[in-house]
$ cat upload39.cif   # mmCIF, C-alpha atoms
data_data
loop_
_atom_site.label_atom_id
_atom_site.label_comp_id
_atom_site.auth_asym_id
_atom_site.auth_seq_id
_atom_site.Cartn_x
_atom_site.Cartn_y
_atom_site.Cartn_z
CA MET A 11 -44.09 -60.05 43.43
CA PRO A 12 -41.23 -57.76 42.37
CA ARG A 13 -39.04 -58.59 39.41
CA GLY A 14 -35.98 -60.73 39.93
CA VAL A 15 -35.35 -63.38 42.55
CA PRO A 16 -37.75 -63.24 45.53
CA ASP A 17 -36.07 -62.75 48.87
CA GLY A 18 -37.15 -64.25 52.16
CA ASN A 19 -39.59 -61.45 52.97
CA ASP A 20 -41.34 -61.91 49.61
CA TRP A 21 -41.92 -65.60 50.33
CA LEU A 22 -43.15 -64.84 53.83
CA ARG A 23 -45.58 -62.24 52.50
CA VAL A 24 -47.03 -64.70 50.00
CA THR A 25 -47.34 -67.67 52.34
CA ARG A 26 -48.78 -65.66 55.22
CA ASN A 27 -51.48 -64.20 52.95
CA LEU A 28 -52.21 -67.37 51.00
CA ASP A 29 -55.65 -67.93 52.56
CA LYS A 30 -56.60 -64.29 52.03
CA LEU A 31 -55.47 -64.48 48.41
CA LYS A 32 -57.57 -67.61 47.87
CA GLN A 33 -60.61 -65.88 49.39
CA LEU A 34 -59.99 -62.83 47.22
CA GLY A 35 -59.83 -65.02 44.11
CA LYS A 36 -63.06 -66.76 45.08
CA LYS A 37 -64.88 -63.45 45.65
CA CYS A 38 -63.63 -62.09 42.31
CA LYS A 39 -64.94 -65.19 40.50
CA GLU A 40 -68.32 -64.82 42.19
CA LEU A 41 -68.40 -61.10 41.40
CA TYR A 42 -67.66 -61.59 37.71
CA GLY A 43 -69.80 -64.71 37.39
CA VAL A 44 -66.90 -67.04 36.65
CA LYS A 45 -67.76 -70.65 37.38
CA ARG A 46 -65.44 -72.50 39.66
CA ARG A 47 -63.47 -75.18 37.84
CA GLN A 48 -63.44 -78.72 39.07
CA THR A 49 -60.23 -79.50 40.86
CA GLY A 50 -58.26 -82.63 40.17
CA GLN A 51 -55.38 -83.96 38.16
CA ARG A 52 -55.54 -84.55 34.47
CA ASN A 53 -53.36 -87.27 33.05
CA ASN A 54 -52.19 -86.09 29.64
CA ASN A 55 -49.89 -88.08 27.42
CA ILE A 56 -47.26 -85.54 26.38
CA SER A 57 -44.61 -87.96 25.16
CA GLU A 58 -44.77 -86.46 21.64
CA GLN A 59 -44.18 -82.95 23.00
CA ILE A 60 -41.27 -84.19 25.11
CA THR A 61 -39.69 -85.87 22.09
CA ALA A 62 -40.14 -82.72 19.99
CA TYR A 63 -38.53 -80.61 22.74
CA ARG A 64 -35.56 -82.98 22.93
CA VAL A 65 -35.11 -82.71 19.16
CA LEU A 66 -35.16 -78.92 19.48
CA LEU A 67 -32.54 -78.98 22.25
CA ARG A 68 -30.25 -81.20 20.21
CA SER A 69 -30.64 -79.11 17.08
CA LYS A 70 -29.58 -76.00 19.02
CA GLU A 71 -26.62 -77.83 20.62
CA TYR A 72 -27.75 -76.00 23.74
CA LEU A 73 -26.41 -78.46 26.29
CA LEU A 74 -22.98 -79.11 24.79
CA SER A 75 -21.22 -76.51 26.94
CA PRO A 76 -23.74 -74.95 29.36
CA LEU A 77 -21.06 -73.81 31.83
CA ASP A 78 -18.56 -72.41 29.33
CA LYS A 79 -18.11 -68.75 30.30
CA THR A 80 -16.27 -67.97 27.06
CA LYS A 81 -19.40 -68.64 24.98
CA THR A 82 -22.43 -66.43 24.56
CA HIS A 83 -25.50 -68.40 25.56
CA HIS A 84 -28.88 -67.90 23.92
CA SER A 85 -32.34 -69.03 24.89
CA LEU A 86 -34.17 -71.48 22.63
CA SER A 87 -36.03 -68.49 21.18
CA GLY A 88 -32.70 -66.82 20.30
CA ILE A 89 -32.52 -64.20 23.07
CA GLU A 90 -29.01 -63.56 24.37
CA LEU A 91 -28.69 -64.66 27.99
CA ASP A 92 -26.73 -62.95 30.73
CA SER A 93 -23.27 -64.44 31.26
CA ASP A 94 -23.77 -64.59 35.05
CA LEU A 95 -26.87 -66.78 34.73
CA ILE A 96 -24.76 -69.93 35.02
CA ASN A 97 -24.08 -68.94 38.65
CA PHE A 98 -27.80 -68.87 39.43
CA GLN A 99 -27.82 -71.99 41.62
CA GLN A 100 -24.87 -70.84 43.73
CA ARG A 101 -26.31 -67.35 44.16
CA GLU A 102 -29.66 -68.76 45.28
CA THR A 103 -27.91 -71.02 47.78
CA ASN A 104 -26.16 -67.92 49.13
CA ARG A 105 -29.46 -66.04 49.33
CA ARG A 106 -31.14 -68.82 51.32
CA THR A 107 -28.15 -69.07 53.65
CA GLU A 108 -28.11 -65.30 54.09
CA TYR A 109 -31.81 -65.21 54.89
CA TYR A 110 -31.42 -67.89 57.57
CA ASP A 111 -28.35 -66.22 59.08
CA THR A 112 -29.90 -62.76 59.23
CA LYS A 113 -33.27 -63.97 60.58
CA TYR A 114 -32.18 -66.61 63.08
CA GLU A 115 -28.46 -66.22 63.75
CA ASN A 116 -28.29 -62.40 63.93
CA VAL A 117 -25.51 -62.37 61.35
CA GLU A 118 -25.06 -59.20 59.32
CA ALA A 119 -25.88 -59.65 55.63
CA THR A 120 -22.74 -59.67 53.51
CA LYS A 121 -23.60 -61.69 50.39
CA ASP A 122 -24.74 -60.31 47.06
CA ALA A 123 -28.45 -59.53 47.08
CA SER A 124 -28.75 -57.89 43.67
CA MET A 125 -31.27 -58.93 41.06
CA VAL A 126 -30.47 -61.97 38.95
CA CYS A 127 -30.50 -60.91 35.32
CA VAL A 128 -31.76 -63.46 32.81
CA THR A 129 -30.98 -61.62 29.58
CA THR A 130 -28.27 -59.18 28.54
CA ASP A 131 -30.97 -56.53 28.07
CA GLU A 132 -31.99 -56.87 31.72
CA ARG A 133 -28.32 -56.54 32.72
CA ARG A 134 -27.99 -53.41 30.57
CA GLN A 135 -31.04 -51.84 32.18
CA MET A 136 -29.89 -52.73 35.69
CA ASN A 137 -26.42 -51.27 35.09
CA ASP A 138 -27.82 -48.08 33.58
CA ILE A 139 -27.01 -45.40 36.14
CA GLN A 140 -30.31 -43.70 35.37
CA ASN A 141 -32.23 -46.71 36.71
CA GLN A 142 -30.31 -47.04 39.97
CA SER A 143 -31.22 -45.66 43.37
CA LYS A 144 -29.32 -42.75 44.89
CA SER A 145 -27.64 -45.08 47.38
CA SER A 146 -26.53 -47.42 44.57
CA ILE A 147 -25.12 -44.51 42.56
CA CYS A 148 -23.06 -43.49 45.61
CA ASP A 149 -21.73 -47.05 45.92
CA VAL A 150 -20.76 -47.11 42.23
CA ALA A 151 -19.08 -43.71 42.59
CA ASP A 152 -17.21 -44.96 45.64
CA ASN A 153 -15.77 -47.84 43.60
CA LEU A 154 -14.83 -45.51 40.74
CA LEU A 155 -12.92 -43.27 43.15
CA GLU A 156 -10.51 -46.11 43.88
CA ASN A 157 -9.31 -45.94 40.26
CA ILE A 158 -8.20 -42.30 40.46
CA VAL A 159 -4.41 -42.06 40.62
CA ASP A 160 -4.10 -38.49 41.89
CA LYS A 161 -4.56 -39.05 45.63
CA LEU A 162 -5.10 -35.38 46.43
CA TYR A 163 -7.85 -35.04 43.83
CA GLN A 164 -9.23 -38.40 44.95
CA ALA A 165 -9.52 -37.11 48.52
CA THR A 166 -11.33 -33.99 47.31
CA LEU A 167 -13.84 -36.06 45.34
CA LYS A 168 -14.33 -38.45 48.26
CA SER A 169 -15.12 -35.49 50.49
CA GLU A 170 -17.68 -34.31 47.93
CA LEU A 171 -19.26 -37.77 47.80
CA ASN A 172 -19.41 -37.99 51.59
CA GLY A 173 -21.26 -34.69 51.60
CA TYR A 174 -23.87 -36.13 49.25
CA ARG A 175 -24.20 -39.23 51.44
CA LEU A 176 -24.75 -37.20 54.61
CA CYS A 177 -27.80 -35.48 53.11
CA LEU A 178 -28.83 -38.18 50.66
CA SER A 179 -32.56 -37.67 51.18
CA ARG A 180 -32.24 -34.02 50.12
CA THR A 181 -29.73 -34.62 47.33
CA LYS A 182 -31.30 -34.77 43.87
CA LYS A 183 -30.58 -37.85 41.81
CA ASP A 184 -29.52 -35.70 38.84
CA ILE A 185 -26.68 -34.23 40.93
CA LEU A 186 -25.38 -37.72 41.72
CA ILE A 187 -25.60 -38.72 38.05
CA ILE A 188 -23.57 -35.63 37.09
CA PHE A 189 -21.01 -36.50 39.77
CA HIS A 190 -20.80 -40.05 38.40
CA SER A 191 -20.25 -38.69 34.89
CA LYS A 192 -17.48 -36.45 36.21
CA LEU A 193 -15.74 -39.46 37.72
CA THR A 194 -15.96 -41.49 34.51
CA ASP A 195 -14.55 -38.52 32.55
CA VAL A 196 -11.66 -38.15 34.99
CA ILE A 197 -10.84 -41.86 34.74
CA ALA A 198 -11.08 -41.77 30.93
CA GLU A 199 -8.69 -38.77 30.73
CA GLN A 200 -6.37 -40.49 33.18
CA ASP A 201 -6.28 -43.64 31.01
CA ILE A 202 -5.56 -41.60 27.87
CA ALA A 203 -2.70 -39.78 29.60
CA GLN A 204 -1.31 -43.10 30.80
CA ASP A 205 -1.42 -44.57 27.27
CA ILE A 206 0.38 -41.51 25.90
CA GLN A 207 3.05 -41.81 28.56
CA GLU A 208 3.58 -45.51 27.81
CA ASN A 209 3.91 -44.79 24.07
CA GLU A 210 6.47 -42.07 24.74
CA ASP A 211 8.46 -44.39 26.97
CA GLU A 212 8.64 -46.95 24.17
#

$ encode --input "upload39.cif" --output "structure tokens"
Amino acid sequence: MPRGVPDGNDWLRVTRNLDKLKQLGKKCKELYGVKRRQTGQRNNNISEQITAYRVLLRSKEYLLSPLDKTKTHHSLSGIELDSDLINFQQRETNRRTEYYDTKYENVEATKDASMVCVTTDERRQMNDIQNQSKSSICDVADNLLENIVDKLYQATLKSELNGYRLCLSRTKKDILIIFHSKLTDVIAEQDIAQDIQENEDE
């Protein structure tokens, strides 16, 4: 299974191959001489563990404001969680709806299908331009182009980006990363010039 939230095809792949996976596990156990465990349910009394976990939750004040976007949420082990994680349930509802629409209603996919990040470190890695595909870098660059004020220069850069898109399979990723850096530099210089102009006007 890939990292992140499984999509419909992932679930289909697992369920369709469930019997084969069970047979593969059985053969591996026989090959390595692992005895098959007896199946059945074991009734364990875990009331003490449940009580201890409740005490831990209360001591962390974890559930006082679980949906407050202004607060930084941490896991019980202290790891900083991604701020968008509180939207997990809604995003998964959208993913299930999208899967049904695209598979059975012939509706074009429009909802967000990006990976759900659990921690801020995962978000940082996902947003790192070095870790993105060439198509994703082009999409990011396309959004950055909308922030360029000089329309003539914007048109020139859009033409350059369209050229990369037309031969994306032959375009090296490093070239797209350099183009992305150029856009961020242009926007940064533009913002500095705008701040200077506002200060002069005051």

$ closest_residue --input "upload39.cif" --among "A:Arg106, A:Lys79, A:Arg101, A:His190" --to "Asp138 of chain A" --atoms "only C-alpha atoms"
A:His190

$ resolve_selection --input "upload39.cif" --expression "the PyMOL selection byres ((chain A and resi 143-155) around 9)" --output "VMD selection string"
chain A and resid 139 to 142 156 to 159 164 to 165 167 to 168 171 to 172 174 to 175 178 to 179 181 to 183 186 to 187 189 to 190 193 to 194 197

$ atom_distance --input "upload39.cif" --atom1 "atom CA of Thr112 of chain A" --atom2 "atom CA of Arg26 of chain A"
19.5 Å

$ residues_near_point --input "upload39.cif" --point "(-29.2, -61.9, 36.5)" --cutoff "8 Å" --atoms "all atoms listed in the file" --output "list in words"
Gly14, Asp92, Asp94, Leu95, Phe98, Met125, Val126, Cys127, Val128, Thr129, Glu132 and Arg133 of chain A

$ atom_distance --input "upload39.cif" --atom1 "atom CA of Asp20 of chain A" --atom2 "atom CA of Arg105 of chain A"
12.6 Å

$ atom_distance --input "upload39.cif" --atom1 "atom CA of Gln200 of chain A" --atom2 "atom CA of Asp160 of chain A"
9.2 Å

$ closest_residue --input "upload39.cif" --among "A:Tyr109, A:Ile56, A:Gln99, A:Thr82" --to "Asn19 of chain A" --atoms "all atoms listed in the file"
A:Tyr109
